[in-house]
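Below is my_file-v2.pdb, which holds PDB, C-alpha atoms, pLDDT in the B column.
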ATOM      1  CA  MET A   1     -59.315  23.566 -48.682  1.00 88.00           C
ATOM      2  CA  ARG A   2     -58.908  25.632 -45.537  1.00 93.00           C
ATOM      3  CA  VAL A   3     -61.211  27.963 -43.606  1.00 95.00           C
ATOM      4  CA  GLU A   4     -59.160  30.948 -44.785  1.00 95.00           C
ATOM      5  CA  ASP A   5     -60.043  30.043 -48.396  1.00 93.00           C
ATOM      6  CA  ILE A   6     -63.745  30.133 -47.564  1.00 95.00           C
ATOM      7  CA  LEU A   7     -63.412  33.457 -45.729  1.00 94.00           C
ATOM      8  CA  ARG A   8     -61.614  34.953 -48.741  1.00 93.00           C
ATOM      9  CA  ARG A   9     -64.538  33.967 -50.982  1.00 91.00           C
ATOM     10  CA  LYS A  10     -67.363  35.075 -48.720  1.00 89.00           C
ATOM     11  CA  GLY A  11     -65.906  38.346 -47.482  1.00 82.00           C
ATOM     12  CA  THR A  12     -65.288  39.792 -44.067  1.00 76.00           C
ATOM     13  CA  ARG A  13     -68.817  40.632 -42.896  1.00 86.00           C
ATOM     14  CA  ILE A  14     -69.456  39.167 -39.425  1.00 90.00           C
ATOM     15  CA  GLY A  15     -72.875  39.274 -37.780  1.00 92.00           C
ATOM     16  CA  THR A  16     -72.435  40.271 -34.143  1.00 92.00           C
ATOM     17  CA  VAL A  17     -74.528  41.434 -31.230  1.00 94.00           C
ATOM     18  CA  ARG A  18     -73.356  43.034 -27.998  1.00 92.00           C
ATOM     19  CA  ILE A  19     -73.695  41.150 -24.752  1.00 91.00           C
ATOM     20  CA  ASN A  20     -76.179  43.631 -23.227  1.00 90.00           C
ATOM     21  CA  GLU A  21     -78.623  43.667 -26.166  1.00 95.00           C
ATOM     22  CA  THR A  22     -82.018  41.973 -25.921  1.00 97.00           C
ATOM     23  CA  VAL A  23     -83.054  38.744 -27.585  1.00 97.00           C
ATOM     24  CA  GLU A  24     -85.520  40.806 -29.647  1.00 97.00           C
ATOM     25  CA  THR A  25     -82.639  42.931 -30.953  1.00 97.00           C
ATOM     26  CA  ALA A  26     -80.753  39.757 -31.829  1.00 97.00           C
ATOM     27  CA  LEU A  27     -83.789  38.494 -33.779  1.00 96.00           C
ATOM     28  CA  ARG A  28     -83.921  41.739 -35.757  1.00 96.00           C
ATOM     29  CA  LEU A  29     -80.190  41.468 -36.500  1.00 96.00           C
ATOM     30  CA  LEU A  30     -80.558  37.830 -37.585  1.00 96.00           C
ATOM     31  CA  LYS A  31     -83.212  38.921 -40.061  1.00 95.00           C
ATOM     32  CA  ALA A  32     -81.231  41.946 -41.284  1.00 94.00           C
ATOM     33  CA  GLU A  33     -78.069  39.854 -41.759  1.00 91.00           C
ATOM     34  CA  ASN A  34     -80.027  36.946 -43.284  1.00 92.00           C
ATOM     35  CA  THR A  35     -78.143  34.511 -41.088  1.00 93.00           C
ATOM     36  CA  GLY A  36     -78.939  31.843 -38.530  1.00 94.00           C
ATOM     37  CA  ALA A  37     -76.488  32.927 -35.819  1.00 96.00           C
ATOM     38  CA  LEU A  38     -74.677  35.934 -34.393  1.00 96.00           C
ATOM     39  CA  VAL A  39     -71.449  36.116 -32.452  1.00 95.00           C
ATOM     40  CA  VAL A  40     -72.029  37.675 -29.026  1.00 94.00           C
ATOM     41  CA  LYS A  41     -69.309  40.140 -28.120  1.00 90.00           C
ATOM     42  CA  ASP A  42     -68.408  41.971 -24.942  1.00 85.00           C
ATOM     43  CA  VAL A  43     -66.856  45.333 -25.684  1.00 73.00           C
ATOM     44  CA  CYS A  44     -64.362  45.961 -22.895  1.00 59.00           C
ATOM     45  CA  ARG A  45     -62.402  49.182 -22.762  1.00 52.00           C
ATOM     46  CA  THR A  46     -59.165  47.474 -21.769  1.00 49.00           C
ATOM     47  CA  GLU A  47     -59.484  44.143 -23.561  1.00 53.00           C
ATOM     48  CA  GLY A  48     -61.132  45.153 -26.839  1.00 54.00           C
ATOM     49  CA  ASN A  49     -63.835  43.001 -28.373  1.00 67.00           C
ATOM     50  CA  THR A  50     -64.143  39.627 -26.687  1.00 81.00           C
ATOM     51  CA  VAL A  51     -66.182  36.726 -28.084  1.00 88.00           C
ATOM     52  CA  VAL A  52     -68.358  35.419 -25.255  1.00 90.00           C
ATOM     53  CA  GLY A  53     -70.844  33.243 -27.093  1.00 94.00           C
ATOM     54  CA  VAL A  54     -73.067  32.590 -30.063  1.00 96.00           C
ATOM     55  CA  ILE A  55     -76.815  33.113 -30.285  1.00 97.00           C
ATOM     56  CA  SER A  56     -78.646  31.146 -32.941  1.00 96.00           C
ATOM     57  CA  GLU A  57     -82.208  30.817 -34.136  1.00 95.00           C
ATOM     58  CA  ARG A  58     -82.207  27.433 -32.431  1.00 94.00           C
ATOM     59  CA  ASP A  59     -81.205  29.006 -29.081  1.00 96.00           C
ATOM     60  CA  ILE A  60     -84.061  31.493 -29.350  1.00 96.00           C
ATOM     61  CA  VAL A  61     -86.633  28.851 -30.294  1.00 96.00           C
ATOM     62  CA  ARG A  62     -85.574  26.732 -27.321  1.00 95.00           C
ATOM     63  CA  GLY A  63     -85.809  29.774 -25.043  1.00 96.00           C
ATOM     64  CA  LEU A  64     -89.281  30.622 -26.319  1.00 96.00           C
ATOM     65  CA  THR A  65     -90.408  27.031 -25.852  1.00 96.00           C
ATOM     66  CA  ASP A  66     -88.978  26.736 -22.333  1.00 95.00           C
ATOM     67  CA  ARG A  67     -89.747  30.212 -20.972  1.00 95.00           C
ATOM     68  CA  GLY A  68     -92.231  31.902 -23.282  1.00 95.00           C
ATOM     69  CA  PRO A  69     -92.204  35.240 -25.113  1.00 95.00           C
ATOM     70  CA  GLY A  70     -90.869  37.089 -22.073  1.00 96.00           C
ATOM     71  CA  ILE A  71     -87.350  36.108 -23.151  1.00 96.00           C
ATOM     72  CA  LEU A  72     -87.522  38.666 -25.952  1.00 97.00           C
ATOM     73  CA  SER A  73     -86.868  41.438 -23.433  1.00 97.00           C
ATOM     74  CA  LEU A  74     -84.019  39.565 -21.706  1.00 96.00           C
ATOM     75  CA  PRO A  75     -80.344  40.001 -22.611  1.00 96.00           C
ATOM     76  CA  VAL A  76     -78.890  37.642 -25.215  1.00 96.00           C
ATOM     77  CA  THR A  77     -76.833  36.019 -22.448  1.00 94.00           C
ATOM     78  CA  SER A  78     -80.015  34.385 -21.159  1.00 95.00           C
ATOM     79  CA  VAL A  79     -80.291  32.102 -24.195  1.00 96.00           C
ATOM     80  CA  MET A  80     -76.926  32.193 -25.997  1.00 95.00           C
ATOM     81  CA  SER A  81     -74.513  29.291 -26.169  1.00 92.00           C
ATOM     82  CA  ASN A  82     -71.582  29.988 -23.858  1.00 90.00           C
ATOM     83  CA  HIS A  83     -68.062  28.842 -24.734  1.00 89.00           C
ATOM     84  CA  PRO A  84     -68.676  28.534 -28.478  1.00 92.00           C
ATOM     85  CA  VAL A  85     -66.880  25.956 -30.561  1.00 94.00           C
ATOM     86  CA  CYS A  86     -64.325  27.897 -32.616  1.00 95.00           C
ATOM     87  CA  CYS A  87     -61.856  27.179 -35.376  1.00 96.00           C
ATOM     88  CA  THR A  88     -58.843  28.913 -36.906  1.00 96.00           C
ATOM     89  CA  PRO A  89     -58.229  30.165 -40.453  1.00 96.00           C
ATOM     90  CA  GLY A  90     -55.765  27.313 -41.020  1.00 96.00           C
ATOM     91  CA  ASP A  91     -58.204  24.541 -40.094  1.00 97.00           C
ATOM     92  CA  SER A  92     -59.349  22.199 -42.837  1.00 94.00           C
ATOM     93  CA  VAL A  93     -62.932  22.080 -44.044  1.00 93.00           C
ATOM     94  CA  ARG A  94     -63.041  18.443 -42.931  1.00 92.00           C
ATOM     95  CA  HIS A  95     -62.077  19.432 -39.374  1.00 95.00           C
ATOM     96  CA  VAL A  96     -64.775  22.113 -39.246  1.00 96.00           C
ATOM     97  CA  LEU A  97     -67.365  19.660 -40.565  1.00 94.00           C
ATOM     98  CA  GLN A  98     -66.350  17.241 -37.814  1.00 96.00           C
ATOM     99  CA  LEU A  99     -66.706  20.012 -35.196  1.00 97.00           C
ATOM    100  CA  MET A 100     -70.164  20.906 -36.503  1.00 96.00           C
ATOM    101  CA  ASP A 101     -71.232  17.276 -36.398  1.00 95.00           C
ATOM    102  CA  GLU A 102     -69.739  16.545 -32.976  1.00 97.00           C
ATOM    103  CA  HIS A 103     -71.192  19.660 -31.314  1.00 95.00           C
ATOM    104  CA  THR A 104     -74.425  19.841 -33.371  1.00 94.00           C
ATOM    105  CA  VAL A 105     -73.831  23.437 -34.467  1.00 95.00           C
ATOM    106  CA  ARG A 106     -74.184  25.090 -37.857  1.00 95.00           C
ATOM    107  CA  HIS A 107     -72.077  28.232 -37.312  1.00 96.00           C
ATOM    108  CA  ILE A 108     -68.511  28.394 -36.018  1.00 96.00           C
ATOM    109  CA  PRO A 109     -66.608  31.596 -35.197  1.00 95.00           C
ATOM    110  CA  VAL A 110     -63.133  31.784 -36.697  1.00 95.00           C
ATOM    111  CA  LEU A 111     -60.454  33.118 -34.356  1.00 93.00           C
ATOM    112  CA  ASP A 112     -56.931  34.128 -35.275  1.00 91.00           C
ATOM    113  CA  GLY A 113     -55.403  34.129 -31.813  1.00 89.00           C
ATOM    114  CA  ALA A 114     -57.935  36.134 -29.797  1.00 85.00           C
ATOM    115  CA  SER A 115     -59.214  38.103 -32.816  1.00 88.00           C
ATOM    116  CA  LEU A 116     -62.525  37.266 -34.449  1.00 91.00           C
ATOM    117  CA  VAL A 117     -61.854  37.131 -38.201  1.00 92.00           C
ATOM    118  CA  GLY A 118     -65.018  35.466 -39.487  1.00 93.00           C
ATOM    119  CA  VAL A 119     -67.748  32.894 -39.102  1.00 95.00           C
ATOM    120  CA  VAL A 120     -68.218  29.781 -41.205  1.00 96.00           C
ATOM    121  CA  SER A 121     -71.597  28.178 -41.605  1.00 95.00           C
ATOM    122  CA  VAL A 122     -72.700  24.824 -42.886  1.00 94.00           C
ATOM    123  CA  ARG A 123     -74.049  26.746 -45.892  1.00 93.00           C
ATOM    124  CA  ASP A 124     -70.525  28.056 -46.615  1.00 94.00           C
ATOM    125  CA  LEU A 125     -69.153  24.523 -46.466  1.00 92.00           C
ATOM    126  CA  ILE A 126     -71.856  23.183 -48.778  1.00 90.00           C
ATOM    127  CA  LYS A 127     -71.095  25.978 -51.254  1.00 89.00           C
ATOM    128  CA  ALA A 128     -67.387  25.081 -51.139  1.00 87.00           C
ATOM    129  CA  GLN A 129     -68.279  21.441 -51.852  1.00 83.00           C
ATOM    130  CA  LEU A 130     -70.520  22.419 -54.776  1.00 83.00           C
ATOM    131  CA  ASP A 131     -67.877  24.746 -56.206  1.00 82.00           C
ATOM    132  CA  ALA A 132     -65.355  21.881 -56.061  1.00 78.00           C
ATOM    133  CA  ALA A 133     -67.673  19.416 -57.817  1.00 73.00           C
ATOM    134  CA  PRO A 134     -67.134  18.789 -61.517  1.00 73.00           C
ATOM    135  CA  PRO A 135     -69.410  21.134 -63.483  1.00 73.00           C
ATOM    136  CA  ASP A 136     -70.715  18.338 -65.687  1.00 70.00           C
ATOM    137  CA  ALA A 137     -71.771  15.969 -62.887  1.00 63.00           C
ATOM    138  CA  GLU A 138     -75.118  14.360 -63.658  1.00 68.00           C
ATOM    139  CA  PRO A 139     -77.865  14.239 -61.016  1.00 69.00           C
ATOM    140  CA  GLY A 140     -77.409  11.098 -58.947  1.00 68.00           C
ATOM    141  CA  GLU A 141     -73.811  10.612 -60.087  1.00 68.00           C
ATOM    142  CA  ILE A 142     -71.389   9.750 -57.279  1.00 65.00           C
ATOM    143  CA  VAL A 143     -68.863  12.566 -57.028  1.00 63.00           C
ATOM    144  CA  ASN A 144     -65.683  12.633 -54.968  1.00 64.00           C
ATOM    145  CA  TYR A 145     -65.654  16.065 -53.313  1.00 59.00           C
ATOM    146  CA  PRO A 146     -62.003  17.055 -52.943  1.00 57.00           C
ATOM    147  CA  VAL A 147     -62.694  19.840 -50.425  1.00 57.00           C
ATOM    148  CA  ALA A 148     -63.193  17.512 -47.475  1.00 55.00           C
ATOM    149  CA  ALA A 149     -62.061  14.180 -48.874  1.00 52.00           C
ATOM    150  CA  ALA A 150     -58.332  13.994 -48.246  1.00 47.00           C
ATOM    151  CA  GLN A 151     -57.804  16.425 -45.401  1.00 49.00           C
TER     152      GLN A 151
END

Re-express the file's structure as structure tokens.
Amino acid sequence: MRVEDILRRKGTRIGTVRINETVETALRLLKAENTGALVVKDVCRTEGNTVVGVISERDIVRGLTDRGPGILSLPVTSVMSNHPVCCTPGDSVRHVLQLMDEHTVRHIPVLDGASLVGVVSVRDLIKAQLDAAPPDAEPGEIVNYPVAAAQ
């Protein structure tokens, strides 16, 4: 299974926040989107929408712990992860799982060239694994998950 297969199933909705918005705005968007991370975009007149980072619940919690509640009025750039780990629509689920493990992230933007086409989360990958499992698997039964097994 490939990332493009997951994006086809989940739809095209992408949670984003602009680079100049506050951390508080990002928190409100995270709640509204019911997600754990947003792609941070810089809207440039000549270059279009550029992915500049990712802000996650984890980034905000670390910022609050390190600097206190004053970060809520700061721009998202003050706590976001710069240079996000990205994947492509043609990448395998196994590769994305390896990226998530290696970089300790749970959300990965999907780029087709320079265009943002989606975000995959660990939740999406778990759902793909569950959908691929035999429907009659008993609790505790060892199941070979074909989604990530042979890729």

Given 3 Å of margin on each side, can you work out the centre and size in Å (one decimal) of an axis-aligned box holding every listed atom of region 77-82 of chain A, as JSON?
{"center_x": -75.9, "center_y": 32.7, "center_z": -23.7, "size_x": 14.7, "size_y": 12.7, "size_z": 11.0}

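As for CA of Met1 (chain A) and CA of Pro89 (chain A), they are spaced 10.6 Å apart.
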
Find the distance between CA of Lys127 (chain A) and CA of Glu4 (chain A) and write it in Å to one decimal.
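Computing it gives 14.5 Å between the two atoms.
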
Kindly provide the residues of region 17-60 of chain A that approach region 96-113 of chain A to within 8 Å, each paired with its closest atom pair and their distance in Å to one decimal, based on all atoms listed in the file, listed by chain and increasing number, as CSV.
residue,atom,partner,partner_atom,distance
A:Gly36,CA,A:His107,CA,7.8
A:Ala37,CA,A:His107,CA,6.6
A:Val39,CA,A:Pro109,CA,7.2

Show me, as a PDB file with C-alpha atoms, keeping the file's coordinate frame, the residues that have an atom within 9 Å of Thr35 (chain A) when counting only C-alpha atoms, minus same-chain residues fewer than 4 positions from it.
ATOM      1  CA  GLY A  15     -72.875  39.274 -37.780  1.00 92.00           C
ATOM      2  CA  LEU A  29     -80.190  41.468 -36.500  1.00 96.00           C
ATOM      3  CA  LEU A  30     -80.558  37.830 -37.585  1.00 96.00           C
ATOM      4  CA  LYS A  31     -83.212  38.921 -40.061  1.00 95.00           C
ATOM      5  CA  SER A  56     -78.646  31.146 -32.941  1.00 96.00           C
ATOM      6  CA  GLU A  57     -82.208  30.817 -34.136  1.00 95.00           C
TER       7      GLU A  57
END

Choose the residue, out of A:Arg123, A:Arg2, A:Arg58, A:Arg18, that has the smallest atom-to-atom separation from Val93 (chain A); count only C-alpha atoms.
A:Arg2

Please indicate the distance in Å from CA of Ser92 (chain A) to CA of Gly11 (chain A), rounded to one decimal place.
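Interatomic distance, CA of Ser92 (chain A) to CA of Gly11 (chain A): 18.0 Å.
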
Expand the PyMOL selection byres ((chain A and resi 115) around 12) into the explicit residue set it covers here, and present it as a PyMOL selection string.
chain A and resi 41+47-51+86-89+109-114+116-119

A:Glu21, A:Asp42, A:Glu33, A:Asp5 ranked by distance to Ser73 (chain A), top pick (using all atoms listed in the file):
A:Glu21

Among listed residues A:Gly53, A:Gly90, A:Asn34, A:Ile6, nearest Ile126 (chain A) (using only C-alpha atoms):
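The shortest atom-to-atom distance to Ile126 (chain A) comes from A:Ile6.
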
Could you list, as a ChimeraX atom specification, every residue matched by the PyMOL selection byres ((chain A and resi 71) around 12) in this structure?
/A:21-27,59-70,72-80
